[in-house]
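Dropping structure.cif in here (mmCIF, C-alpha atoms):
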```cif
data_protein
#
loop_
_atom_site.label_atom_id
_atom_site.label_comp_id
_atom_site.auth_asym_id
_atom_site.auth_seq_id
_atom_site.Cartn_x
_atom_site.Cartn_y
_atom_site.Cartn_z
CA MET A 1 39.98 4.24 10.39
CA LYS A 2 36.81 6.29 10.09
CA SER A 3 37.29 9.66 8.42
CA ARG A 4 36.77 12.73 10.55
CA ILE A 5 36.19 14.95 7.54
CA ASN A 6 32.55 13.96 7.04
CA SER A 7 31.47 15.29 10.41
CA GLU A 8 28.33 17.39 10.49
CA TYR A 9 28.89 21.04 9.72
CA LYS A 10 27.94 23.47 12.47
CA MET A 11 28.43 27.21 12.80
CA THR A 12 30.39 28.25 15.86
CA SER A 13 29.09 30.76 18.36
CA SER A 14 31.14 33.42 16.55
CA ALA A 15 29.41 32.48 13.26
CA ALA A 16 32.73 31.56 11.65
CA THR A 17 32.51 28.92 8.95
CA HIS A 18 34.48 25.65 9.19
CA ALA A 19 36.33 23.85 6.41
CA ASN A 20 34.47 20.63 7.30
CA LEU A 21 31.52 21.90 5.29
CA PHE A 22 33.61 22.01 2.13
CA LEU A 23 35.50 18.81 2.93
CA SER A 24 32.19 16.95 3.13
CA HIS A 25 31.22 18.44 -0.26
CA LEU A 26 34.34 17.48 -2.22
CA GLY A 27 33.23 16.54 -5.73
CA LEU A 28 29.83 18.20 -5.31
CA PRO A 29 28.69 21.40 -7.05
CA LEU A 30 29.88 24.63 -5.50
CA ALA A 31 26.27 25.80 -5.78
CA SER A 32 25.25 23.07 -3.29
CA ILE A 33 26.82 25.16 -0.51
CA ASP A 34 24.51 27.60 1.27
CA GLN A 35 25.52 30.88 -0.34
CA SER A 36 25.31 32.73 2.98
CA VAL A 37 28.53 30.95 3.98
CA PHE A 38 30.49 33.01 1.45
CA ARG A 39 29.92 36.22 3.37
CA TYR A 40 32.86 35.05 5.51
CA ALA A 41 35.11 34.77 2.43
CA ASP A 42 37.46 37.52 1.25
CA ALA A 43 35.93 39.09 -1.88
CA PRO A 44 34.83 35.71 -3.29
CA ASP A 45 35.13 35.43 -7.06
CA PHE A 46 33.10 32.63 -8.63
CA GLU A 47 34.54 33.18 -12.11
CA MET A 48 37.36 31.12 -13.63
CA PRO A 49 40.70 32.75 -14.53
CA GLU A 50 41.22 33.24 -18.28
CA HIS A 51 44.30 31.00 -18.49
CA SER A 52 42.91 28.16 -16.37
CA PRO A 53 39.50 26.66 -15.53
CA ILE A 54 40.36 26.48 -11.81
CA GLY A 55 38.98 29.07 -9.41
CA GLY A 56 39.72 29.75 -5.76
CA ILE A 57 38.09 31.37 -2.73
CA PHE A 58 39.94 32.47 0.41
CA PHE A 59 38.58 32.37 3.95
CA LYS A 60 41.54 34.23 5.43
CA GLU A 61 40.11 34.93 8.86
CA GLN A 62 39.09 31.29 9.29
CA GLY A 63 42.43 29.98 7.98
CA PHE A 64 41.43 27.96 4.90
CA SER A 65 40.74 28.23 1.18
CA ILE A 66 39.00 26.15 -1.49
CA THR A 67 39.33 25.53 -5.21
CA PHE A 68 36.65 24.62 -7.73
CA CYS A 69 36.44 23.92 -11.44
CA PRO A 70 34.17 22.43 -14.14
CA PRO A 71 33.89 18.63 -13.79
CA ASP A 72 34.54 18.03 -17.51
CA PHE A 73 38.02 19.52 -17.03
CA TYR A 74 38.77 17.94 -13.65
CA HIS A 75 37.60 14.45 -14.62
CA ALA A 76 38.65 14.78 -18.31
CA ASN A 77 35.16 13.82 -19.45
CA ASP A 78 33.53 15.77 -22.30
CA LEU A 79 30.14 14.34 -21.34
CA LEU A 80 30.19 16.53 -18.20
CA ILE A 81 30.62 19.79 -20.10
CA THR A 82 27.17 21.11 -19.14
CA GLN A 83 27.60 20.34 -15.43
CA PRO A 84 28.27 23.15 -12.90
CA PRO A 85 31.67 23.67 -11.19
CA ILE A 86 32.51 21.29 -8.36
CA ILE A 87 34.61 21.66 -5.20
CA THR A 88 37.95 19.97 -5.78
CA ASN A 89 40.35 21.02 -3.04
CA VAL A 90 40.50 22.44 0.50
CA GLN A 91 43.65 23.99 2.03
CA LEU A 92 44.05 24.33 5.81
CA TYR A 93 46.72 26.72 7.05
CA ALA A 94 48.72 26.87 10.26
CA GLY A 95 48.93 30.60 9.58
CA GLU A 96 50.74 32.04 6.57
CA SER A 97 51.82 35.48 5.45
CA TYR A 98 51.74 35.29 1.64
CA TYR A 99 47.95 35.44 1.34
CA GLY A 100 47.40 36.43 4.97
CA HIS A 101 45.51 33.39 6.30
CA ASN A 102 45.07 33.01 10.04
CA ARG A 103 45.72 29.69 11.73
CA TYR A 104 42.87 27.23 11.17
CA GLU A 105 41.43 26.37 14.57
CA GLY A 106 38.93 23.71 13.51
CA GLU A 107 39.35 19.95 13.71
CA LEU A 108 41.89 18.61 11.21
CA PRO A 109 41.38 15.41 9.15
CA PHE A 110 42.26 12.04 10.68
CA GLY A 111 43.42 13.51 13.96
CA ILE A 112 46.33 15.34 12.36
CA SER A 113 47.77 18.29 14.28
CA PHE A 114 49.82 21.18 12.94
CA SER A 115 52.42 20.26 15.57
CA ASP A 116 52.83 16.71 14.17
CA MET A 117 56.23 15.62 12.90
CA ARG A 118 56.51 13.44 9.80
CA ASP A 119 56.62 10.21 11.81
CA ASP A 120 53.39 11.26 13.53
CA VAL A 121 51.69 11.89 10.18
CA ILE A 122 52.79 8.53 8.78
CA GLY A 123 51.49 6.85 11.94
CA LYS A 124 48.06 8.33 11.27
CA LEU A 125 47.88 8.11 7.47
CA GLY A 126 50.29 5.33 6.54
CA PRO A 127 53.25 5.71 4.17
CA GLY A 128 53.23 8.55 1.67
CA VAL A 129 53.17 7.86 -2.08
CA TRP A 130 55.00 11.00 -3.26
CA GLN A 131 57.55 13.25 -1.61
CA PHE A 132 59.35 16.39 -2.70
CA PRO A 133 62.29 16.81 -2.96
CA LEU A 134 63.76 13.41 -3.75
CA VAL A 135 65.56 12.99 -0.42
CA ALA A 136 64.80 14.06 3.15
CA PRO A 137 64.09 16.49 4.65
CA PHE A 138 60.90 16.51 2.59
CA ARG A 139 58.86 19.69 2.14
CA LEU A 140 55.81 18.02 0.60
CA GLU A 141 54.29 14.56 1.01
CA ARG A 142 51.09 13.08 -0.42
CA PHE A 143 48.99 10.33 1.14
CA ASP A 144 46.37 8.58 -1.01
CA LEU A 145 42.89 7.55 0.15
CA PRO A 146 40.22 5.79 -1.94
CA ASP A 147 38.47 8.92 -3.22
CA ARG A 148 40.80 11.74 -2.18
CA TRP A 149 44.36 12.50 -1.18
CA ILE A 150 46.01 14.52 1.57
CA LEU A 151 49.06 16.66 0.86
CA VAL A 152 51.14 17.76 3.83
CA LYS A 153 53.53 20.69 3.62
CA TYR A 154 56.07 20.39 6.42
CA ALA A 155 57.22 23.57 8.11
CA ASP A 156 60.84 24.69 7.90
CA GLY A 157 63.19 23.64 10.64
CA ASN A 158 61.32 20.47 11.59
CA ALA A 159 58.60 22.61 13.16
CA GLY A 160 55.53 20.55 12.34
CA ILE A 161 53.07 21.21 9.50
CA SER A 162 52.37 24.52 7.76
CA VAL A 163 49.64 23.46 5.28
CA ILE A 164 47.28 20.50 4.91
CA GLN A 165 45.63 20.11 1.53
CA VAL A 166 42.77 17.69 0.86
CA GLY A 167 42.04 17.03 -2.81
CA LEU A 168 39.46 15.11 -4.79
CA LYS A 169 40.97 12.28 -6.83
CA PRO A 170 40.23 12.87 -10.53
CA LYS A 171 38.36 10.03 -12.18
CA LYS A 172 40.02 8.12 -14.98
CA ALA A 173 39.80 10.10 -18.20
CA LYS A 174 36.96 9.15 -20.52
CA ALA A 175 37.50 8.69 -24.24
CA THR A 176 36.75 12.00 -25.90
CA VAL A 177 33.74 12.34 -28.18
CA LEU A 178 35.82 14.66 -30.36
CA PRO A 179 38.41 13.59 -32.98
CA ARG A 180 41.67 12.54 -31.34
CA ILE A 181 44.71 14.74 -31.92
CA VAL A 182 47.70 12.41 -32.25
CA GLN A 183 50.24 14.33 -34.35
CA PRO A 184 52.86 15.68 -34.24
CA ASP A 185 53.87 13.14 -31.60
CA ILE A 186 57.26 12.63 -29.97
CA HIS A 187 58.49 10.53 -32.90
CA ALA A 188 57.61 13.25 -35.41
CA LEU A 189 59.21 15.85 -33.18
CA GLN A 190 62.45 13.88 -32.72
CA ALA A 191 62.66 13.25 -36.45
CA ARG A 192 62.48 16.99 -37.17
CA LEU A 193 64.40 18.56 -34.28
CA THR A 194 67.10 20.92 -35.65
CA HIS A 195 65.57 20.65 -39.16
CA ARG A 196 64.74 23.74 -41.22
CA TRP A 197 61.27 25.20 -40.75
CA ASP A 198 60.26 24.54 -44.38
CA THR A 199 61.22 20.86 -43.94
CA VAL A 200 58.95 20.72 -40.93
CA ARG A 201 56.14 22.29 -42.91
CA ALA A 202 56.51 19.61 -45.61
CA ASP A 203 56.17 16.75 -43.09
CA ASP A 204 52.64 15.28 -43.19
CA ARG A 205 52.71 14.77 -39.42
CA PHE A 206 52.68 18.55 -38.98
CA THR A 207 49.75 19.05 -41.33
CA GLY A 208 47.28 21.67 -40.13
CA ILE A 209 49.82 23.69 -38.16
CA ASP A 210 49.95 27.10 -39.77
CA LEU A 211 53.49 28.08 -40.69
CA SER A 212 52.41 30.53 -43.39
CA GLY A 213 53.40 33.55 -41.32
CA PHE A 214 56.84 32.21 -40.56
CA SER A 215 59.82 34.18 -41.82
CA ALA A 216 63.48 33.27 -41.87
CA PRO A 217 65.65 35.18 -39.39
CA ALA A 218 67.77 38.09 -40.44
CA ALA A 219 71.54 37.79 -40.24
CA GLY A 220 72.70 37.78 -36.63
CA GLU A 221 69.17 37.31 -35.27
CA ASP A 222 68.69 34.53 -32.72
CA CYS A 223 65.10 34.05 -33.94
CA PRO A 224 63.18 32.67 -30.98
CA HIS A 225 59.94 32.09 -32.85
CA GLU A 226 56.86 30.39 -31.43
CA ILE A 227 54.11 28.77 -33.46
CA ASP A 228 50.99 28.54 -31.31
CA ALA A 229 48.95 25.51 -32.38
CA LEU A 230 47.31 24.94 -29.00
CA ALA A 231 43.78 25.51 -30.29
CA THR A 232 44.15 22.94 -33.08
CA HIS A 233 46.88 20.51 -31.97
CA GLY A 234 47.51 21.11 -28.27
CA VAL A 235 51.14 22.01 -28.96
CA GLU A 236 53.47 24.97 -29.34
CA LEU A 237 56.45 24.67 -31.70
CA TYR A 238 59.67 26.61 -31.13
CA PHE A 239 62.15 27.69 -33.81
CA ARG A 240 65.57 29.27 -33.32
CA GLN A 241 68.49 30.34 -35.43
CA SER A 242 70.54 27.28 -36.37
CA ASN A 243 73.86 27.04 -34.55
CA ALA A 244 75.17 24.69 -37.25
CA THR A 245 75.35 27.26 -40.03
CA SER A 246 76.54 30.84 -40.34
CA THR A 247 73.71 31.77 -42.69
CA PRO A 248 70.31 32.80 -41.28
CA GLU A 249 68.37 29.55 -40.97
CA ALA A 250 65.50 28.81 -38.59
CA VAL A 251 65.31 25.26 -37.26
CA LEU A 252 62.85 23.43 -35.02
CA SER A 253 64.34 23.62 -31.54
CA GLY A 254 61.57 22.18 -29.39
CA ALA A 255 57.90 21.86 -28.55
CA ARG A 256 55.56 22.12 -25.59
CA TYR A 257 52.44 19.97 -25.24
CA ILE A 258 49.74 21.33 -22.92
CA ARG A 259 46.86 19.51 -21.27
CA LYS A 260 43.39 20.12 -22.62
CA GLY A 261 41.68 23.12 -21.09
CA LEU A 262 44.83 24.97 -20.00
CA TYR A 263 45.81 28.08 -21.95
CA TRP A 264 43.04 27.32 -24.45
CA SER A 265 44.65 24.03 -25.47
CA SER A 266 42.51 21.55 -27.37
CA GLY A 267 44.58 18.78 -25.82
CA PHE A 268 46.90 16.18 -27.31
CA ASP A 269 46.19 12.45 -27.44
CA GLY A 270 49.30 11.26 -29.26
CA GLU A 271 52.44 9.66 -27.88
CA LEU A 272 54.55 11.78 -25.54
CA PRO A 273 58.16 11.10 -24.49
CA LYS A 274 58.79 8.07 -22.29
CA GLY A 275 55.12 7.09 -22.46
CA ILE A 276 54.10 10.01 -20.24
CA CYS A 277 50.37 10.77 -20.12
CA PHE A 278 48.62 13.89 -18.89
CA ASP A 279 46.78 11.92 -16.20
CA ASP A 280 50.04 10.61 -14.71
CA THR A 281 50.85 11.55 -11.12
CA PRO A 282 54.32 13.03 -10.42
CA GLU A 283 55.60 9.74 -9.04
CA ARG A 284 54.33 7.90 -12.12
CA VAL A 285 56.27 10.31 -14.32
CA LEU A 286 59.44 9.54 -12.33
CA GLN A 287 58.84 5.82 -12.84
CA LYS A 288 58.29 6.17 -16.58
CA VAL A 289 61.36 8.30 -17.25
CA GLY A 290 63.38 5.83 -15.21
CA VAL A 291 66.19 8.15 -14.09
CA TYR A 292 66.21 10.92 -11.52
CA PRO A 293 65.67 14.50 -12.72
CA VAL A 294 68.52 16.98 -12.54
CA THR A 295 66.47 19.90 -11.29
CA GLY A 296 62.96 20.48 -10.06
CA LYS A 297 60.71 22.59 -7.93
CA ALA A 298 57.32 22.17 -6.25
CA ASN A 299 54.94 23.96 -3.93
CA THR A 300 51.33 23.32 -2.90
CA LEU A 301 50.08 24.55 -6.29
CA SER A 302 52.39 23.19 -8.97
CA GLY A 303 55.82 21.80 -9.73
CA TYR A 304 58.19 20.54 -12.40
CA TYR A 305 61.03 18.12 -13.06
CA VAL A 306 63.82 18.55 -15.64
CA TRP A 307 65.89 15.76 -17.21
CA ASN A 308 69.01 16.13 -19.34
CA LEU A 309 68.45 12.99 -21.41
CA PRO A 310 70.77 11.78 -24.19
CA GLU A 311 68.08 12.47 -26.80
CA PHE A 312 66.84 15.88 -25.60
CA LEU A 313 66.05 18.03 -22.60
CA LEU A 314 62.74 17.04 -20.99
CA HIS A 315 60.78 19.42 -18.76
CA VAL A 316 57.54 18.11 -17.21
CA GLY A 317 55.26 20.51 -15.36
CA PHE A 318 52.58 19.09 -13.09
CA SER A 319 49.72 20.28 -10.92
CA VAL A 320 50.22 19.50 -7.23
CA MET A 321 46.59 20.46 -6.58
CA GLU A 322 45.38 17.86 -9.09
CA GLN A 323 48.33 15.43 -9.07
CA ARG A 324 48.70 15.14 -12.83
CA VAL A 325 50.74 16.50 -15.73
CA ASN A 326 49.96 19.93 -17.15
CA ARG A 327 52.66 20.38 -19.77
CA VAL A 328 55.54 18.54 -21.42
CA TYR A 329 58.41 20.51 -22.97
CA ILE A 330 61.09 18.94 -25.19
CA ALA A 331 64.11 20.84 -26.48
CA ALA A 332 67.03 19.87 -28.70
CA HIS A 333 70.39 20.03 -27.00
CA SER A 334 72.14 23.41 -27.26
CA TYR A 335 68.82 25.13 -27.99
CA TYR A 336 67.65 25.81 -24.44
CA SER A 337 68.74 28.04 -21.61
CA GLN A 338 71.42 26.50 -19.41
CA SER A 339 69.59 27.96 -16.41
CA LEU A 340 67.02 25.17 -16.76
CA LEU A 341 69.70 22.73 -15.59
CA ASP A 342 71.43 24.93 -13.04
CA SER A 343 68.80 25.65 -10.42
CA PRO A 344 67.30 24.44 -8.23
CA LEU A 345 69.40 21.28 -8.28
CA LEU A 346 67.90 18.15 -6.77
CA GLU A 347 69.93 15.87 -4.55
CA GLN A 348 69.47 12.33 -5.81
CA PRO A 349 68.88 9.27 -3.62
CA THR A 350 71.89 7.01 -3.18
#
```

Whole structure given in structure tokens:
Amino acid sequence: MKSRINSEYKMTSSAATHANLFLSHLGLPLASIDQSVFRYADAPDFEMPEHSPIGGIFFKEQGFSITFCPPDFYHANDLLITQPPIITNVQLYAGESYYGHNRYEGELPFGISFSDMRDDVIGKLGPGVWQFPLVAPFRLERFDLPDRWILVKYADGNAGISVIQVGLKPKKAKATVLPRIVQPDIHALQARLTHRWDTVRADDRFTGIDLSGFSAPAAGEDCPHEIDALATHGVELYFRQSNATSTPEAVLSGARYIRKGLYWSSGFDGELPKGICFDDTPERVLQKVGVYPVTGKANTLSGYYVWNLPEFLLHVGFSVMEQRVNRVYIAAHSYYSQSLLDSPLLEQPT
């Protein structure tokens, strides 16, 4: 089937811009777009947020928005670090109130209509590769194409489609030209979970993580203490008051690994639980863990799954807009909030 999203861009008689212009420029520099187009955007900001290298621009009156980011981050390739930001995603709205987008009135990709039911969408795009939640009725469904993917957000009450998102497929990560950060990996973490902080400091696999400012908790203090090693090791370590002793004693309760480029993380190249990698799609994560998550949540921006595994609690956060893992959190049992397992519960397939 020939794609409709590469059709020639034309201004309408009302001078409103169409999303087709940006759809035909997926993967190309944002600067390749005629800058006069952005006069139709709502206060366009071409700067990246501090916590993330992904920017966004809203065309509320026209009913769509775009995202852009540096190609070295999106394609995980340090060799592209000098290249300008590229267009990575286009969202088409059937009208929504949160940001105030009108209904998009232009032609939708592949003959899709906002009034289509799920069976109609599958008839036009083929079977989806990822759905959320785990059982029907699904709220989100992704359909993969050779160089891009289409995410459909179904409207509540079986009322068609509320959002269509077209995203650029990230290229396979290139080997970094920088030294690889491989410790402390999941094996080091498991070996030291619930161990005293000074024992952790003495472990060679934690070398380079600064624990010099750490102090033991006072009597009766719960001691949630975070060691931020994102800039050097791509990980945060968490310590809490031991629940195995009545004396004040801080133990390693968990860790969170964060993908390179997010929250100033230098990235982590070592082994993560269940063989998870940061370039895994959500469905690949499900396959690797091998059992269904207990809870989870997802929208058109991001999502997460939580597993209550025999070894530890596992919380995997992923980007829906990029279809890959952003963060991996591991916590020793009895050292995490029960609310992580209580809501929102996911019904599991039978």

Requested in this report: Extract, using only C-alpha atoms, all DNA, RNA and protein residues at most 9 Å from Gly275 (chain A), discarding same-chain residues fewer than 6 positions from it, and format them as a list in words.
Outcome: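 Neighbouring residues, sequence-local ones excluded: Val285, Lys288 and Val289 of chain A.
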
Selection: 7 Å around region 111-125 of chain A, all atoms listed in the file, excl. self and same-chain fewer than 4 positions, as a short mmCIF file (atom, residue, chain, number, x, y, z; two decimals) with C-alpha atoms, in the frame of the given file:
```cif
data_model
loop_
_atom_site.label_atom_id
_atom_site.label_comp_id
_atom_site.auth_asym_id
_atom_site.auth_seq_id
_atom_site.Cartn_x
_atom_site.Cartn_y
_atom_site.Cartn_z
CA ALA A 94 48.72 26.87 10.26
CA PHE A 143 48.99 10.33 1.14
CA GLY A 160 55.53 20.55 12.34
CA ILE A 161 53.07 21.21 9.50
CA SER A 162 52.37 24.52 7.76
#
```

Query - Among listed residues A:Ala202, A:Leu237, A:Ile258, A:Ala41, nearest Leu272 (chain A) (using all atoms listed in the file) - result: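 Ranked by minimum distance to Leu272 (chain A), first place goes to A:Ile258.
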
Query raised in the report: What is the CA of Tyr336 (chain A)-CA of Leu189 (chain A) distance in Å, reported with one decimal?
Result: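 Computing the Euclidean distance for CA of Tyr336 (chain A) and CA of Leu189 (chain A) yields 15.7 Å.
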
Requested in this report: Pull the neighbourhood of (64.3, 11.5, -24.0) for me: all residues within 9 Å in file coordinates, counting only C-alpha atoms, as a PyMOL selection string.
Outcome: chain A and resi 273-274+289+307-314+330

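The smallest atom-to-atom distance between Arg240 (chain A) and any of A:Met48, A:Ala332, A:Ile87, A:Ile209, using all atoms listed in the file, is found for A:Ala332.
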
Query - For Ala244 (chain A): contacts at 12 Å, all atoms listed in the file, fewer than 2 positions along chain excluded, given as a list in words - result: Thr194, His195, Arg196, Arg240, Gln241, Ser242, Ser246, Thr247, Pro248, Glu249, Ala250, Val251, Ser334 and Tyr335 of chain A

Would you write out those residues with C-alpha atoms, as a PDB file, in the coordinates of the input?
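Output file again.pdb follows:
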```pdb
ATOM      1  CA  THR A 194      67.100  20.920 -35.650  1.00  0.00           C
ATOM      2  CA  HIS A 195      65.570  20.650 -39.160  1.00  0.00           C
ATOM      3  CA  ARG A 196      64.740  23.740 -41.220  1.00  0.00           C
ATOM      4  CA  ARG A 240      65.570  29.270 -33.320  1.00  0.00           C
ATOM      5  CA  GLN A 241      68.490  30.340 -35.430  1.00  0.00           C
ATOM      6  CA  SER A 242      70.540  27.280 -36.370  1.00  0.00           C
ATOM      7  CA  SER A 246      76.540  30.840 -40.340  1.00  0.00           C
ATOM      8  CA  THR A 247      73.710  31.770 -42.690  1.00  0.00           C
ATOM      9  CA  PRO A 248      70.310  32.800 -41.280  1.00  0.00           C
ATOM     10  CA  GLU A 249      68.370  29.550 -40.970  1.00  0.00           C
ATOM     11  CA  ALA A 250      65.500  28.810 -38.590  1.00  0.00           C
ATOM     12  CA  VAL A 251      65.310  25.260 -37.260  1.00  0.00           C
ATOM     13  CA  SER A 334      72.140  23.410 -27.260  1.00  0.00           C
ATOM     14  CA  TYR A 335      68.820  25.130 -27.990  1.00  0.00           C
TER      15      TYR A 335
END
```

Requested in this report: Name every residue that the PyMOL selection byres ((chain A and resi 280) around 12) selects in this structure, writing the answer as a VMD selection string with chains first and numbers rising.
Outcome: chain A and resid 170 to 173 259 272 274 to 279 281 to 289 316 to 320 322 to 328

What would the file look like if the residues just selected were written as a PDB file, keeping the file's coordinate frame with C-alpha atoms?
```
ATOM      1  CA  PRO A 170      40.230  12.870 -10.530  1.00  0.00           C
ATOM      2  CA  LYS A 171      38.360  10.030 -12.180  1.00  0.00           C
ATOM      3  CA  LYS A 172      40.020   8.120 -14.980  1.00  0.00           C
ATOM      4  CA  ALA A 173      39.800  10.100 -18.200  1.00  0.00           C
ATOM      5  CA  ARG A 259      46.860  19.510 -21.270  1.00  0.00           C
ATOM      6  CA  LEU A 272      54.550  11.780 -25.540  1.00  0.00           C
ATOM      7  CA  LYS A 274      58.790   8.070 -22.290  1.00  0.00           C
ATOM      8  CA  GLY A 275      55.120   7.090 -22.460  1.00  0.00           C
ATOM      9  CA  ILE A 276      54.100  10.010 -20.240  1.00  0.00           C
ATOM     10  CA  CYS A 277      50.370  10.770 -20.120  1.00  0.00           C
ATOM     11  CA  PHE A 278      48.620  13.890 -18.890  1.00  0.00           C
ATOM     12  CA  ASP A 279      46.780  11.920 -16.200  1.00  0.00           C
ATOM     13  CA  THR A 281      50.850  11.550 -11.120  1.00  0.00           C
ATOM     14  CA  PRO A 282      54.320  13.030 -10.420  1.00  0.00           C
ATOM     15  CA  GLU A 283      55.600   9.740  -9.040  1.00  0.00           C
ATOM     16  CA  ARG A 284      54.330   7.900 -12.120  1.00  0.00           C
ATOM     17  CA  VAL A 285      56.270  10.310 -14.320  1.00  0.00           C
ATOM     18  CA  LEU A 286      59.440   9.540 -12.330  1.00  0.00           C
ATOM     19  CA  GLN A 287      58.840   5.820 -12.840  1.00  0.00           C
ATOM     20  CA  LYS A 288      58.290   6.170 -16.580  1.00  0.00           C
ATOM     21  CA  VAL A 289      61.360   8.300 -17.250  1.00  0.00           C
ATOM     22  CA  VAL A 316      57.540  18.110 -17.210  1.00  0.00           C
ATOM     23  CA  GLY A 317      55.260  20.510 -15.360  1.00  0.00           C
ATOM     24  CA  PHE A 318      52.580  19.090 -13.090  1.00  0.00           C
ATOM     25  CA  SER A 319      49.720  20.280 -10.920  1.00  0.00           C
ATOM     26  CA  VAL A 320      50.220  19.500  -7.230  1.00  0.00           C
ATOM     27  CA  GLU A 322      45.380  17.860  -9.090  1.00  0.00           C
ATOM     28  CA  GLN A 323      48.330  15.430  -9.070  1.00  0.00           C
ATOM     29  CA  ARG A 324      48.700  15.140 -12.830  1.00  0.00           C
ATOM     30  CA  VAL A 325      50.740  16.500 -15.730  1.00  0.00           C
ATOM     31  CA  ASN A 326      49.960  19.930 -17.150  1.00  0.00           C
ATOM     32  CA  ARG A 327      52.660  20.380 -19.770  1.00  0.00           C
ATOM     33  CA  VAL A 328      55.540  18.540 -21.420  1.00  0.00           C
TER      34      VAL A 328
END
```

Report task. Check which residues satisfy the PyMOL selection byres ((chain A and resi 180) around 12) in the file shown, then give them as a ChimeraX atom specification. Result -> /A:175-179,181-184,232-234,260,266-271

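Residue nearest Leu28 (chain A), chosen from A:Pro344, A:Gly254, A:Pro71, A:Gly106 and counting only C-alpha atoms: A:Pro71.
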
Edge lengths and centre, in Å to one decimal, as AutoDock Vina command-line options: that's what I need for the box along x, y and z that holds all listed atoms of region 233-244 of chain A plus 3 Å on each side.
```
--center_x 61.0 --center_y 25.4 --center_z -32.8 --size_x 34.3 --size_y 15.8 --size_z 15.0
```

Report task. Could you state which residues are captured by the PyMOL selection byres ((chain A and resi 295) around 12) in this file, as a PyMOL selection string? Result -> chain A and resi 132-134+292-294+296-298+303-308+313-317+338-348

Serialized selection, C-alpha atoms, as a PDB file, keeping the file's coordinate frame:
```
ATOM      1  CA  PHE A 132      59.350  16.390  -2.700  1.00  0.00           C
ATOM      2  CA  PRO A 133      62.290  16.810  -2.960  1.00  0.00           C
ATOM      3  CA  LEU A 134      63.760  13.410  -3.750  1.00  0.00           C
ATOM      4  CA  TYR A 292      66.210  10.920 -11.520  1.00  0.00           C
ATOM      5  CA  PRO A 293      65.670  14.500 -12.720  1.00  0.00           C
ATOM      6  CA  VAL A 294      68.520  16.980 -12.540  1.00  0.00           C
ATOM      7  CA  GLY A 296      62.960  20.480 -10.060  1.00  0.00           C
ATOM      8  CA  LYS A 297      60.710  22.590  -7.930  1.00  0.00           C
ATOM      9  CA  ALA A 298      57.320  22.170  -6.250  1.00  0.00           C
ATOM     10  CA  GLY A 303      55.820  21.800  -9.730  1.00  0.00           C
ATOM     11  CA  TYR A 304      58.190  20.540 -12.400  1.00  0.00           C
ATOM     12  CA  TYR A 305      61.030  18.120 -13.060  1.00  0.00           C
ATOM     13  CA  VAL A 306      63.820  18.550 -15.640  1.00  0.00           C
ATOM     14  CA  TRP A 307      65.890  15.760 -17.210  1.00  0.00           C
ATOM     15  CA  ASN A 308      69.010  16.130 -19.340  1.00  0.00           C
ATOM     16  CA  LEU A 313      66.050  18.030 -22.600  1.00  0.00           C
ATOM     17  CA  LEU A 314      62.740  17.040 -20.990  1.00  0.00           C
ATOM     18  CA  HIS A 315      60.780  19.420 -18.760  1.00  0.00           C
ATOM     19  CA  VAL A 316      57.540  18.110 -17.210  1.00  0.00           C
ATOM     20  CA  GLY A 317      55.260  20.510 -15.360  1.00  0.00           C
ATOM     21  CA  GLN A 338      71.420  26.500 -19.410  1.00  0.00           C
ATOM     22  CA  SER A 339      69.590  27.960 -16.410  1.00  0.00           C
ATOM     23  CA  LEU A 340      67.020  25.170 -16.760  1.00  0.00           C
ATOM     24  CA  LEU A 341      69.700  22.730 -15.590  1.00  0.00           C
ATOM     25  CA  ASP A 342      71.430  24.930 -13.040  1.00  0.00           C
ATOM     26  CA  SER A 343      68.800  25.650 -10.420  1.00  0.00           C
ATOM     27  CA  PRO A 344      67.300  24.440  -8.230  1.00  0.00           C
ATOM     28  CA  LEU A 345      69.400  21.280  -8.280  1.00  0.00           C
ATOM     29  CA  LEU A 346      67.900  18.150  -6.770  1.00  0.00           C
ATOM     30  CA  GLU A 347      69.930  15.870  -4.550  1.00  0.00           C
ATOM     31  CA  GLN A 348      69.470  12.330  -5.810  1.00  0.00           C
TER      32      GLN A 348
END
```

Query - Selected residue, from A:Asp72, A:Ile33, A:Asn102, A:Leu140, that lies nearest to Leu21 (chain A) when counting only C-alpha atoms - result: A:Ile33

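Taking CA of Pro85 (chain A) as the reference point, CA of Pro29 (chain A) is found at 5.6 Å.
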
Requested in this report: Work out how far CA of Tyr93 (chain A) is from CA of Val163 (chain A), in Å to one decimal.
Outcome: 4.7 Å

Query - Distance criterion (all atoms listed in the file): nearest to Ile66 (chain A) out of A:Asp144, A:Asp78, A:Asp42, A:Glu226 - result: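 Between A:Asp144, A:Asp78, A:Asp42, A:Glu226, the residue approaching Ile66 (chain A) most closely is A:Asp42.
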
Query - Distance criterion (all atoms listed in the file): nearest to Thr199 (chain A) out of A:Phe38, A:Leu252, A:His51, A:Leu145 - result: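 Nearest candidate to Thr199 (chain A) out of A:Phe38, A:Leu252, A:His51, A:Leu145: A:Leu252.
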
Query raised in the report: If we count only C-alpha atoms, what is near Pro49 (chain A) at a cut-off of 12 Å, once residues fewer than 3 positions away on the same chain are taken out, given as a VMD selection string?
Result: chain A and resid 45 to 46 52 to 56 67 to 69 261 to 264

Query raised in the report: Can you tell me, as a count of residues only, what residues are no more than 10 Å from Leu26 (chain A) when counting all atoms listed in the file, ignoring any on the same chain fewer than 4 positions away?
Result: 17

Requested in this report: Mind listing whatever residues come within 6 Å of the point (55.3, 15.8, -27.1)? Use only C-alpha atoms, file coordinates, and give them as an NGL selection string.
Outcome: :A and (185-186 or 257 or 272)
